[in-house]
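What follows is a set of notes on a single structure, which appears directly below.
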Amino acid sequence: MVELECLPYGAGQAGEGVCLLVRMGPYRILLDCGLQDVSPLVVDADRSLPADLVLCTHAHLDHARGLLALHQAFPQLPIYASEVTTELLPFNWPELDPAEIPPFCQALPWRSPIEFQEGLTAELWPAGHLPGAAAFLLTYTTPHRTYTVFYTGDCFLSNSRLVEGFPLEELRGLRPDVLIVEGSYGTSRHPRRRQQENQLAERVSQAITEGYSVLLPTPTLGLGQELLMLLRSHHHFTGRDLNIWVSGTVAAACDAYIQLLPHLPTTVQNFAQHQPLFWDERVRPRVRRLHTDPIGTAEELRTGDLQPPCIILTDATADLSQYCRPGNGPWLLMLPQQLVTIHSSSDEPFLAERSQRHRQLVLSQSRTVEKKLQAEIRSGRLAVETYLLADHCDGPGTTQLIHNLRPQHVVFVHSSPTYLSDLTSLDELHNRYHLHSPASGTVVELPVGETFLQPAAPETSYEGELTELGTVVTITLPDAITVDTRWHNFADTGLIEARWQGEELVLRGLPQWELLTQGSDRPAPVTLDCCGNCQHYRGQRCWNQTSPLFDFKVAPEGYCPVFEPIHPESPSSSSPLSNTLTGDLEGLNSDDEPELN
C-alpha cells in the first residue's frame with residue numbers, strides 16, 4: 001500500500017478555497033479548510049472524524065472560513081495553527097460577535113516538532129505572506145523509513161512591510177518526499193517588492209496632486225494594513241497635509257495588528273516605539289478611522305469632514321457608491337490585480353499592459369465594480385485602475401523554492417488550471433520532479449522511491465544594475481560573484497562576449513586560446529587597438545610597409561607601434577554587430593563590484 005496520498009476537497013482552482021486531506025500511513029491530516037460548504041467532509045466522515053487533526057496555515061478566507069462549521073460538526077476534532085493565526089481567525093466570520101466564537105483553535109510554537117500521534121509530528125515554519133502564516137513539515141516515522149510532507153500554504157520569499165519572508169536559507173536541502181506548494185501567479189515574473197511599492201506610491205501621489213481622491217478596497221487582512229504602512233512611511237507622503245481614512249473590517253484588523261505587535265518584525269516594533277502604528281492625528285499624513293452608521297454609511301460623508309483630496313481604505317465588499325458620488329469627486333478607484341483576476345468574468349488574468357479600452361471593459365465586468373458606479377465611470381468622474389502588490393511567490397520564486405527544497409513529488413494547488421498547467425509544463429521542473437496538479441475530489445497517490453535521483457543543487461544567482469552612459473553600457477554585479485572558482489576563467493583576459501538568447505542576454509568570457517587562434521573571423525572589440533581594427537589589415541596579413549609585421553600573417557588581436565585605427569575620429573563607432581557584442585572587464589579593487597562594459 002502507498003504510504004502517502006493527497007485528496008483535495010478544495011484545490012483552490014476556482015475560488016473554491018483550499019482543503020487538502022493528506023494520508024501518511026494510518027494517519028489523516030486535513031490541511032486548511034477554506035470551503036464555504038463543509039458538507040463533503042461530513043458526508044465522507046460517515047459518523048466518524050474526517051481526519052485525525054486539522055492544521056491551518058493562516059487566517060485568510062480561502063484557507064480558514066470553513067473551520068468554524070467544521071468545529072461545530074466535529075467538536076472533538078483538534079485544530080491547530082500559529083498563535084497569531086488563532087487571534088486573527090474570527091475575522092472570517094464578521095457577522096458573528098467575537099464573543100460567540102469559541103476558541104476552538106490551539107496554538108503551536110514555531111520551529112518545534114510536536115508529536116500528535118505515535119510516529120507523527122508536525123513543525124511550523126514562517127511562510128511570509130501574512131502575520132502568523134505558517135508552512136508545515138509533517139513527518140511520519142516507521143521502523144523501515146521516515147516519510148516527510150512539506151506544505152507551504154500561501155508563502156512569499158520577500159519581506160513586506162509587516163511580515164518577514166519565508167526563511168529559505170534555513171530549509172535549503174530539506175529533501176521532503178512531497179512538497180505541496182501554491183502556484184497563485186503561475187510562471188509570471190514580477191518586479192521586486194520595493195519596486196512595486198514605489199510604483200504604487202508614485203501613482204497615488206500623482207493622483208492626489210491632480211486633485212483626485214483615491215479609493216482602495218482591500219481584503220480584511222494583509223493587503224489593507226500593508227498599504228496603510230506604505231502610505232504612512234513612503235517619502236512621497238511623509239509630512240504631506242493629507243487624510244487617510246480607514247473603514248470597516250480593515251480598520252478592525254488594524255486594531256488586531258496593534259494587539260499583535262510583539263509578534264511583528266523588529267523593525268515594525270521599533271517604528272511603533274516612536275509613533276502609533278496606524279491611528280495618528282498628529283503626524284502627517286493623518287490616519288483616521290472612518291465611522292459608519294448602522295446602515296453602513298460613513299458619518300463623515302454627512303458631516304462634511306471627508307474633504308477631498310484624500311485616501312480611503314475600505315472593505316473589498318463595501319458599497320463603493322457611497323464615496324463616489326456626484327459633487328465630491330473626482331475619484332480614482334484602484335483595485336489590486338488579485339481581485340480583478342479572481343472576480344473578472346473573463347477567463348484570462350488581468351495584464352497591466354493591455355489597452356485602456358480592454359482594461360475598462362474587464363473592470364466594468366468585474367463584480368468588484370458595482371453597476372451603480374458605471375454612470376460615474378462613463379462621466380469621467382471616476383477612473384478605475386489596477387496595481388500590483390504581490391504577496392505570493394511569482395514563477396521564479398516558486399521554482400527557486402522547489403529547487404532549494406528538492407522534493408521527489410511536487411503537488412501544485414491554489415491557482416487557475418491554466419497557471420498550474422504552465423508550471424507543470426516547465427522543463428526545469430518536469431525533468432527533475434514528479435509533478436501533480438489535482439482537481440478537487442481526485443486522489444493522488446505519492447509513491448516514494450528509495451533511490452530517487454535528486455536534482456543538482458541550484459546555481460546561485462546574482463542581481464546587479466545596468467547603466468547606459470552615451471555609447472557605453474555598464475553592468476555592475478556584486479563582488480560575491482568573484483568567490484566562485486569559475487570567475488578566474490571568466491575574467492582571464494578581461495574581455496567578454498554578449499549575445500542574445502531569446503529574450504535573455506548571455507555573457508561569456510573570452511579565453512586566451514580563443515584570442516590566439518589563427519584565422520579567427522571573430523570581430524575584435526571596437527575600442528581595442530589591435531590588427532583587426534587597423535586600416536592596413538587585410539586578408540589576415542599586414543600591408544603597412546612601415547610596420548615590422550609587414551607581409552606577415554598575423555592574428556586580428558596582434559598589435560604594432562604604427563597601428564592606425566579604421567575610424568580615427570570615432571574609435572567606438574565600428575559597424576554594428578548583428579548577434580555578438582564584445583566588451584572589457586575592468587580591473588577591480590578589493591572594494592569594487594565587477595563592472596562589465
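Residues in the C-alpha cells are named by chain (A, B, ... in the order shown) and by number from 1 within that chain; ligands are numbered from 1 in the order shown.
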Using only C-alpha atoms, find each residue in range 85-154 of chain A having at least one atom no more than 10 Å away from range 384-408 of chain A; report its shortest atom-to-atom pair and that distance in Å (one decimal), rows by chain then rising number, as JSON lines.
{"residue": "A:Ala127", "atom": "CA", "partner": "A:His392", "partner_atom": "CA", "distance": 9.9}
{"residue": "A:Gly128", "atom": "CA", "partner": "A:Asp391", "partner_atom": "CA", "distance": 8.2}
{"residue": "A:His129", "atom": "CA", "partner": "A:Asp391", "partner_atom": "CA", "distance": 5.2}
{"residue": "A:Leu130", "atom": "CA", "partner": "A:Asp391", "partner_atom": "CA", "distance": 8.1}
{"residue": "A:Thr148", "atom": "CA", "partner": "A:Pro407", "partner_atom": "CA", "distance": 9.5}
{"residue": "A:Val149", "atom": "CA", "partner": "A:Pro407", "partner_atom": "CA", "distance": 9.0}
{"residue": "A:Phe150", "atom": "CA", "partner": "A:Pro407", "partner_atom": "CA", "distance": 8.9}
{"residue": "A:Thr152", "atom": "CA", "partner": "A:Leu401", "partner_atom": "CA", "distance": 9.9}
{"residue": "A:Asp154", "atom": "CA", "partner": "A:His392", "partner_atom": "CA", "distance": 6.5}
Output file for the selection above: N, CA, C and O atoms, as a CSV table (one decimal), in the first residue's frame:
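Result written to out-v8.csv:
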chain,number,residue,atom,x,y,z
A,127,ALA,N,5.9,31.5,6.9
A,127,ALA,CA,5.7,31.4,5.5
A,127,ALA,C,5.7,32.7,4.8
A,127,ALA,O,5.6,32.8,3.5
A,128,GLY,N,5.9,33.8,5.5
A,128,GLY,CA,5.7,35.1,4.9
A,128,GLY,C,4.2,35.4,4.6
A,128,GLY,O,3.4,34.8,5.3
A,129,HIS,N,3.9,36.2,3.7
A,129,HIS,CA,2.5,36.4,3.2
A,129,HIS,C,1.6,37.2,4.1
A,129,HIS,O,1.0,38.1,3.7
A,130,LEU,N,1.5,36.7,5.4
A,130,LEU,CA,0.6,37.3,6.3
A,130,LEU,C,1.1,37.1,7.7
A,130,LEU,O,1.7,36.0,8.0
A,148,THR,N,8.2,12.3,4.8
A,148,THR,CA,8.0,13.7,5.0
A,148,THR,C,7.2,14.4,4.0
A,148,THR,O,7.3,14.1,2.8
A,149,VAL,N,6.3,15.3,4.4
A,149,VAL,CA,5.5,16.2,3.5
A,149,VAL,C,5.7,17.6,4.0
A,149,VAL,O,5.5,17.9,5.2
A,150,PHE,N,6.0,18.5,3.0
A,150,PHE,CA,6.1,19.9,3.4
A,150,PHE,C,5.0,20.7,2.6
A,150,PHE,O,4.9,20.6,1.4
A,152,THR,N,3.4,24.4,2.0
A,152,THR,CA,3.8,25.8,2.1
A,152,THR,C,2.6,26.7,2.5
A,152,THR,O,2.8,27.8,3.0
A,154,ASP,N,0.1,29.5,1.7
A,154,ASP,CA,0.5,30.7,0.9
A,154,ASP,C,1.8,31.2,1.4
A,154,ASP,O,1.9,31.6,2.6
Checklist entry - Would you give me, as number ranges by chain, the residues in range 158-405 of chain A that DSSP reads as strand (DSSP E)? => result A: 178-182, 213-218, 243-247, 286-290, 311-315, 331-336, 382-387
Residues as selected, C-alpha atoms, written as a compact mmCIF listing (two decimals), in the first residue's frame, can you do that?
# COMPACT_ATOMS: atom_id res chain seq x y z
CA VAL A 178 6.33 15.52 -1.07
CA LEU A 179 6.12 19.29 -1.46
CA ILE A 180 2.61 20.78 -1.63
CA VAL A 181 3.03 24.31 -2.93
CA GLU A 182 0.79 27.08 -4.18
CA SER A 213 -9.28 61.28 -4.09
CA VAL A 214 -8.09 57.66 -4.07
CA LEU A 215 -10.30 54.74 -3.08
CA LEU A 216 -8.56 51.46 -2.20
CA PRO A 217 -10.87 48.49 -1.49
CA THR A 218 -8.92 45.59 0.00
CA ASN A 243 -6.00 62.49 5.44
CA ILE A 244 -6.02 58.71 5.12
CA TRP A 245 -9.36 57.21 6.18
CA VAL A 246 -9.80 53.53 7.07
CA SER A 247 -13.19 51.89 7.49
CA ARG A 286 -3.05 61.78 9.34
CA VAL A 287 -4.60 58.31 9.66
CA ARG A 288 -8.21 58.34 10.84
CA ARG A 289 -10.95 55.83 11.37
CA LEU A 290 -13.96 56.26 9.09
CA ILE A 311 -7.29 58.42 0.55
CA ILE A 312 -9.83 55.83 1.71
CA LEU A 313 -9.10 52.21 2.53
CA THR A 314 -12.23 50.13 2.84
CA ASP A 315 -13.51 46.57 2.58
CA TRP A 331 -12.13 59.74 -7.72
CA LEU A 332 -9.50 57.18 -8.65
CA LEU A 333 -10.57 53.65 -7.79
CA MET A 334 -7.51 51.39 -7.52
CA LEU A 335 -8.11 47.64 -7.44
CA PRO A 336 -5.48 45.02 -6.61
CA LEU A 382 -14.43 58.03 -11.64
CA ALA A 383 -11.28 56.50 -13.10
CA VAL A 384 -10.50 52.83 -12.47
CA GLU A 385 -7.02 51.36 -12.46
CA THR A 386 -5.25 48.33 -11.04
CA TYR A 387 -1.97 47.90 -9.21
Next on the checklist: Would you pick out the contacts of Val22 in chain A at 6 Å or less, using only C-alpha atoms, so that residues sharing its chain but fewer than 3 positions from it are not included, and give the list as number ranges by chain?
Outcome noted: A: 5-6, 28-29
Preceding selection exported with all heavy atoms as an mmCIF file, in the first residue's frame:
data_model
loop_
_atom_site.group_PDB
_atom_site.id
_atom_site.type_symbol
_atom_site.label_atom_id
_atom_site.label_comp_id
_atom_site.auth_asym_id
_atom_site.auth_seq_id
_atom_site.Cartn_x
_atom_site.Cartn_y
_atom_site.Cartn_z
ATOM 1 N N GLU A 5 -0.746 9.788 0.366
ATOM 2 C CA GLU A 5 -1.810 10.154 -0.574
ATOM 3 C C GLU A 5 -2.287 11.563 -0.264
ATOM 4 O O GLU A 5 -2.148 12.059 0.860
ATOM 5 C CB GLU A 5 -3.007 9.205 -0.459
ATOM 6 C CG GLU A 5 -2.803 7.819 -1.031
ATOM 7 C CD GLU A 5 -4.061 6.980 -0.935
ATOM 8 O OE1 GLU A 5 -5.019 7.418 -0.251
ATOM 9 O OE2 GLU A 5 -4.089 5.886 -1.529
ATOM 10 N N CYS A 6 -2.863 12.198 -1.280
ATOM 11 C CA CYS A 6 -3.439 13.535 -1.098
ATOM 12 C C CYS A 6 -4.790 13.586 -1.809
ATOM 13 O O CYS A 6 -4.887 13.283 -3.008
ATOM 14 C CB CYS A 6 -2.509 14.609 -1.650
ATOM 15 S SG CYS A 6 -3.161 16.296 -1.503
ATOM 16 N N ARG A 28 -4.536 10.582 9.016
ATOM 17 C CA ARG A 28 -5.136 11.517 8.061
ATOM 18 C C ARG A 28 -5.033 12.926 8.638
ATOM 19 O O ARG A 28 -5.495 13.196 9.746
ATOM 20 C CB ARG A 28 -6.596 11.161 7.803
ATOM 21 C CG ARG A 28 -6.811 9.787 7.138
ATOM 22 C CD ARG A 28 -8.268 9.409 7.187
ATOM 23 N NE ARG A 28 -8.750 9.354 8.574
ATOM 24 C CZ ARG A 28 -10.022 9.499 8.933
ATOM 25 N NH1 ARG A 28 -10.948 9.711 8.006
ATOM 26 N NH2 ARG A 28 -10.367 9.426 10.198
ATOM 27 N N ILE A 29 -4.422 13.822 7.864
ATOM 28 C CA ILE A 29 -4.225 15.205 8.297
ATOM 29 C C ILE A 29 -4.954 16.108 7.317
ATOM 30 O O ILE A 29 -4.734 16.035 6.097
ATOM 31 C CB ILE A 29 -2.727 15.569 8.336
ATOM 32 C CG1 ILE A 29 -1.968 14.575 9.226
ATOM 33 C CG2 ILE A 29 -2.551 16.986 8.840
ATOM 34 C CD1 ILE A 29 -1.263 13.485 8.461
#
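With CA of Ile101 in chain A on one side and CA of Leu227 in chain A on the other, the separation reads 28.7 Å.
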Item to check | Every residue of range 117-272 of chain A that DSSP places in alpha helix (DSSP H), as a PyMOL selection string | outcome: chain A and resi 168-171+193-209+223-233+248-259+266-272
Item to check | 12 Å contact set for Pro40 in chain A, only C-alpha atoms, chain neighbours under 5 positions out, as a ChimeraX atom specification | outcome: /A:8-10,19,21,33,35,45-46,50,66,70,73,440-441
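Shortest atom-to-atom contact with Ala207 in chain A among A:Ala272, A:Pro330, A:Tyr147, A:Thr187: A:Pro330, counting only C-alpha atoms.
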Item to check | Spatial neighbours of Ala256 in chain A, 9 Å, only C-alpha atoms, chain gap at least 4 places, as a ChimeraX atom specification | outcome: /A:87-88,251-252,260-261
Selected residues, N, CA, C and O atoms, written as a short mmCIF file (atom, residue, chain, number, x, y, z; two decimals), in the first residue's frame, please.
data_model
loop_
_atom_site.label_atom_id
_atom_site.label_comp_id
_atom_site.auth_asym_id
_atom_site.auth_seq_id
_atom_site.Cartn_x
_atom_site.Cartn_y
_atom_site.Cartn_z
N GLU A 87 -5.53 34.20 16.74
CA GLU A 87 -6.10 35.50 17.10
C GLU A 87 -6.83 36.16 15.93
O GLU A 87 -7.76 36.94 16.13
N LEU A 88 -6.41 35.86 14.71
CA LEU A 88 -7.00 36.51 13.53
C LEU A 88 -8.15 35.73 12.92
O LEU A 88 -8.88 36.27 12.09
N ALA A 251 -10.31 48.41 9.23
CA ALA A 251 -9.94 49.18 10.43
C ALA A 251 -9.89 48.27 11.66
O ALA A 251 -9.00 48.39 12.50
N ALA A 252 -10.86 47.35 11.77
CA ALA A 252 -10.86 46.43 12.91
C ALA A 252 -9.62 45.54 12.88
O ALA A 252 -9.04 45.23 13.93
N LEU A 260 -1.19 42.55 18.32
CA LEU A 260 -0.23 41.50 17.99
C LEU A 260 1.17 42.06 17.73
O LEU A 260 2.03 41.36 17.18
N LEU A 261 1.41 43.29 18.14
CA LEU A 261 2.69 43.95 17.86
C LEU A 261 3.90 43.12 18.28
O LEU A 261 4.90 43.07 17.54
#
Checklist entry - In Å, with one decimal, what is the gap from CA of Gly464 in chain A to CA of Arg192 in chain A? => result 12.6 Å
Checklist entry - Quick one: residues within 10 Å of Ala133 in chain A, only C-alpha atoms counted, chain neighbours fewer than 3 positions away excluded, as a count of residues only? => result 24
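Here CA of Arg378 in chain A and CA of Cys324 in chain A stand 12.8 Å from one another.
Ranking A:Gln36, A:Thr121, A:Ser205, A:Asn270 by their shortest atom-to-atom distance to Pro309 in chain A, with only C-alpha atoms included, puts A:Ser205 first.
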